[in-house]
Amino acid sequence: MKTCVISFPDTPHAPATLPEGANLSETLTVMNSPMLFGCRAGICGTCLIQVEDGYERLVPPTAEEQEALEVYAPGNPKARLGCQMRLTVDVAIKKIRSA
Ligand code: FES
């Protein structure tokens, strides 16, 4: 099975190796990542992240995710909702606060 590595620069968390296509909200926890999840449905914005490396190679956000990103991270072209993103390439992410 192909795997992808998700890293968390500037945090004490070690990079995590996950199966390709992994749903982050099902595979990451407070123990293995700095990410937090709330609704897991693309609504609350708790899982807002900035993809520092690998953004361009990810599957683009759906219209629904894009709509939420315009509310939670207006003007940030590298923002994603972790719960809506499928891990298909290696990425480095940072948790960001919503606007
Ligand atoms: S956990 Fe609510 S938007 Fe991702």
# chains A, B, ... in the order shown; residues from 1 in each chain; ligands from 1

call {"tool": "residues_near_ligand", "arguments": {"ligand": "ligand 1", "cutoff": "7 Å", "atoms": "only C-alpha atoms and all ligand atoms", "output": "PDB file with C-alpha atoms, in the first residue's frame"}}
result
ATOM      1  CA  PHE A  37     -11.250  18.115  15.043  1.00  0.00           C
ATOM      2  CA  GLY A  38     -14.787  19.129  15.892  1.00  0.00           C
ATOM      3  CA  CYS A  39     -17.657  18.425  13.528  1.00  0.00           C
ATOM      4  CA  ARG A  40     -15.565  16.403  11.034  1.00  0.00           C
ATOM      5  CA  ALA A  41     -18.036  17.560   8.401  1.00  0.00           C
ATOM      6  CA  GLY A  42     -16.455  20.734   7.028  1.00  0.00           C
ATOM      7  CA  ILE A  43     -18.607  23.115   9.027  1.00  0.00           C
ATOM      8  CA  CYS A  44     -16.997  24.239  12.300  1.00  0.00           C
ATOM      9  CA  GLY A  45     -13.482  25.265  11.162  1.00  0.00           C
ATOM     10  CA  THR A  46     -11.727  23.607  14.126  1.00  0.00           C
ATOM     11  CA  CYS A  47      -9.459  21.619  11.804  1.00  0.00           C
ATOM     12  CA  LEU A  48      -8.283  24.658   9.809  1.00  0.00           C
ATOM     13  CA  LEU A  81      -9.930  21.888   6.292  1.00  0.00           C
ATOM     14  CA  GLY A  82      -8.117  18.850   7.635  1.00  0.00           C
ATOM     15  CA  CYS A  83     -11.307  16.852   7.993  1.00  0.00           C
ATOM     16  CA  GLN A  84     -12.157  17.306   4.313  1.00  0.00           C
TER      17      GLN A  84
END

call {"tool": "residues_around", "arguments": {"residues": "A:Lys95", "least_positions_apart": "2", "cutoff": "7 Å", "atoms": "only C-alpha atoms", "output": "list in words"}}
result
Met35, Leu48, Ile49, Gln50, Ile93 and Arg97 of chain A

call {"tool": "residues_around", "arguments": {"residues": "stretch 29-34 of chain A", "least_positions_apart": "5", "cutoff": "9 Å", "atoms": "only C-alpha atoms", "output": "list in words"}}
result
Ser7, Phe8, Thr11, Pro12, His13, Ala14, Pro15, Ala16, Leu24, Lys94 and Lys95 of chain A

call {"tool": "write_last_selection", "arguments": {"atoms": "C-alpha atoms", "output": "mmCIF file, in the first residue's frame"}}
result
data_model
loop_
_atom_site.group_PDB
_atom_site.id
_atom_site.type_symbol
_atom_site.label_atom_id
_atom_site.label_comp_id
_atom_site.auth_asym_id
_atom_site.auth_seq_id
_atom_site.Cartn_x
_atom_site.Cartn_y
_atom_site.Cartn_z
ATOM 1 C CA SER A 7 4.719 16.518 8.973
ATOM 2 C CA PHE A 8 4.076 19.226 11.521
ATOM 3 C CA THR A 11 5.754 21.354 16.782
ATOM 4 C CA PRO A 12 7.021 18.519 18.984
ATOM 5 C CA HIS A 13 5.046 16.019 16.889
ATOM 6 C CA ALA A 14 6.944 13.559 14.742
ATOM 7 C CA PRO A 15 5.845 13.176 11.126
ATOM 8 C CA ALA A 16 3.104 10.567 10.670
ATOM 9 C CA LEU A 24 -7.033 12.917 8.525
ATOM 10 C CA LYS A 94 0.491 24.128 10.328
ATOM 11 C CA LYS A 95 -2.603 24.583 12.379
#

call {"tool": "residues_around", "arguments": {"residues": "A:Ala22", "least_positions_apart": "4", "cutoff": "7 Å", "atoms": "only C-alpha atoms", "output": "MDAnalysis selection string"}}
result
chainID A and resid 18 86:87

call {"tool": "write_last_selection", "arguments": {"atoms": "N, CA and C atoms", "output": "mmCIF file, in the first residue's frame"}}
result
data_model
loop_
_atom_site.group_PDB
_atom_site.id
_atom_site.type_symbol
_atom_site.label_atom_id
_atom_site.label_comp_id
_atom_site.auth_asym_id
_atom_site.auth_seq_id
_atom_site.Cartn_x
_atom_site.Cartn_y
_atom_site.Cartn_z
ATOM 1 N N LEU A 18 0.899 7.746 6.825
ATOM 2 C CA LEU A 18 -0.486 7.285 6.730
ATOM 3 C C LEU A 18 -0.734 6.665 5.360
ATOM 4 N N ARG A 86 -8.057 14.703 1.685
ATOM 5 C CA ARG A 86 -7.523 13.339 1.589
ATOM 6 C C ARG A 86 -6.025 13.447 1.393
ATOM 7 N N LEU A 87 -5.302 12.642 2.108
ATOM 8 C CA LEU A 87 -3.842 12.699 2.014
ATOM 9 C C LEU A 87 -3.383 11.876 0.807
#

call {"tool": "residues_around", "arguments": {"residues": "A:Thr62", "least_positions_apart": "4", "cutoff": "10 Å", "atoms": "only C-alpha atoms", "output": "PyMOL selection string"}}
result
chain A and resi 66-68+84-85

call {"tool": "select_by_dssp", "arguments": {"residues": "stretch 16-57 of chain A", "states": "strand (DSSP E or B)", "output": "ChimeraX atom specification"}}
result
/A:16-19,22-23,48-53

call {"tool": "residues_around", "arguments": {"residues": "A:Val89", "least_positions_apart": "4", "cutoff": "10 Å", "atoms": "only C-alpha atoms", "output": "MDAnalysis selection string"}}
result
chainID A and resid 2:6 20:21 53:59

call {"tool": "select_by_dssp", "arguments": {"residues": "chain A", "states": "alpha helix (DSSP H)", "output": "mmCIF file with N, CA and C atoms, in the first residue's frame"}}
result
data_model
loop_
_atom_site.group_PDB
_atom_site.id
_atom_site.type_symbol
_atom_site.label_atom_id
_atom_site.label_comp_id
_atom_site.auth_asym_id
_atom_site.auth_seq_id
_atom_site.Cartn_x
_atom_site.Cartn_y
_atom_site.Cartn_z
ATOM 1 N N LEU A 24 -7.816 12.487 7.351
ATOM 2 C CA LEU A 24 -7.033 12.917 8.525
ATOM 3 C C LEU A 24 -7.834 12.824 9.810
ATOM 4 N N SER A 25 -9.131 13.109 9.737
ATOM 5 C CA SER A 25 -9.908 13.107 10.978
ATOM 6 C C SER A 25 -10.101 11.692 11.519
ATOM 7 N N GLU A 26 -9.839 10.693 10.685
ATOM 8 C CA GLU A 26 -9.964 9.307 11.160
ATOM 9 C C GLU A 26 -8.624 8.728 11.584
ATOM 10 N N THR A 27 -7.534 9.387 11.185
ATOM 11 C CA THR A 27 -6.230 8.789 11.446
ATOM 12 C C THR A 27 -5.341 9.608 12.379
ATOM 13 N N ALA A 63 -16.271 22.384 -3.743
ATOM 14 C CA ALA A 63 -16.953 23.682 -3.664
ATOM 15 C C ALA A 63 -17.385 23.966 -2.225
ATOM 16 N N GLU A 64 -17.840 22.931 -1.521
ATOM 17 C CA GLU A 64 -18.288 23.114 -0.132
ATOM 18 C C GLU A 64 -17.116 23.487 0.766
ATOM 19 N N GLU A 65 -15.980 22.797 0.601
ATOM 20 C CA GLU A 65 -14.807 23.132 1.428
ATOM 21 C C GLU A 65 -14.331 24.547 1.093
ATOM 22 N N GLN A 66 -14.308 24.881 -0.202
ATOM 23 C CA GLN A 66 -13.854 26.208 -0.619
ATOM 24 C C GLN A 66 -14.724 27.299 0.007
ATOM 25 N N GLU A 67 -16.008 27.044 0.058
ATOM 26 C CA GLU A 67 -16.937 28.005 0.656
ATOM 27 C C GLU A 67 -16.606 28.220 2.136
ATOM 28 N N ALA A 68 -16.335 27.140 2.849
ATOM 29 C CA ALA A 68 -15.979 27.250 4.272
ATOM 30 C C ALA A 68 -14.635 27.955 4.429
ATOM 31 N N LEU A 69 -13.690 27.679 3.528
ATOM 32 C CA LEU A 69 -12.370 28.318 3.625
ATOM 33 C C LEU A 69 -12.476 29.821 3.421
ATOM 34 N N GLU A 70 -13.411 30.256 2.584
ATOM 35 C CA GLU A 70 -13.573 31.690 2.361
ATOM 36 C C GLU A 70 -14.119 32.377 3.609
ATOM 37 N N VAL A 71 -14.778 31.622 4.462
ATOM 38 C CA VAL A 71 -15.288 32.167 5.724
ATOM 39 C C VAL A 71 -14.198 32.129 6.790
ATOM 40 N N TYR A 72 -13.494 30.995 6.917
ATOM 41 C CA TYR A 72 -12.545 30.800 8.016
ATOM 42 C C TYR A 72 -11.138 31.324 7.737
#

call {"tool": "atom_distance", "arguments": {"atom1": "atom CA of A:Met1", "atom2": "atom CA of A:Val91"}}
result
17.9 Å

call {"tool": "atom_distance", "arguments": {"atom1": "atom CA of A:Asp10", "atom2": "atom CA of A:Pro61"}}
result
25.2 Å

call {"tool": "closest_residue", "arguments": {"among": "A:Leu36, A:Pro19, A:Pro74, A:Leu28", "to": "A:Thr88", "atoms": "only C-alpha atoms"}}
result
A:Pro19

call {"tool": "closest_residue", "arguments": {"among": "A:Ala92, A:Lys78, A:Val51, A:Ala73", "to": "A:Thr17", "atoms": "only C-alpha atoms"}}
result
A:Ala92
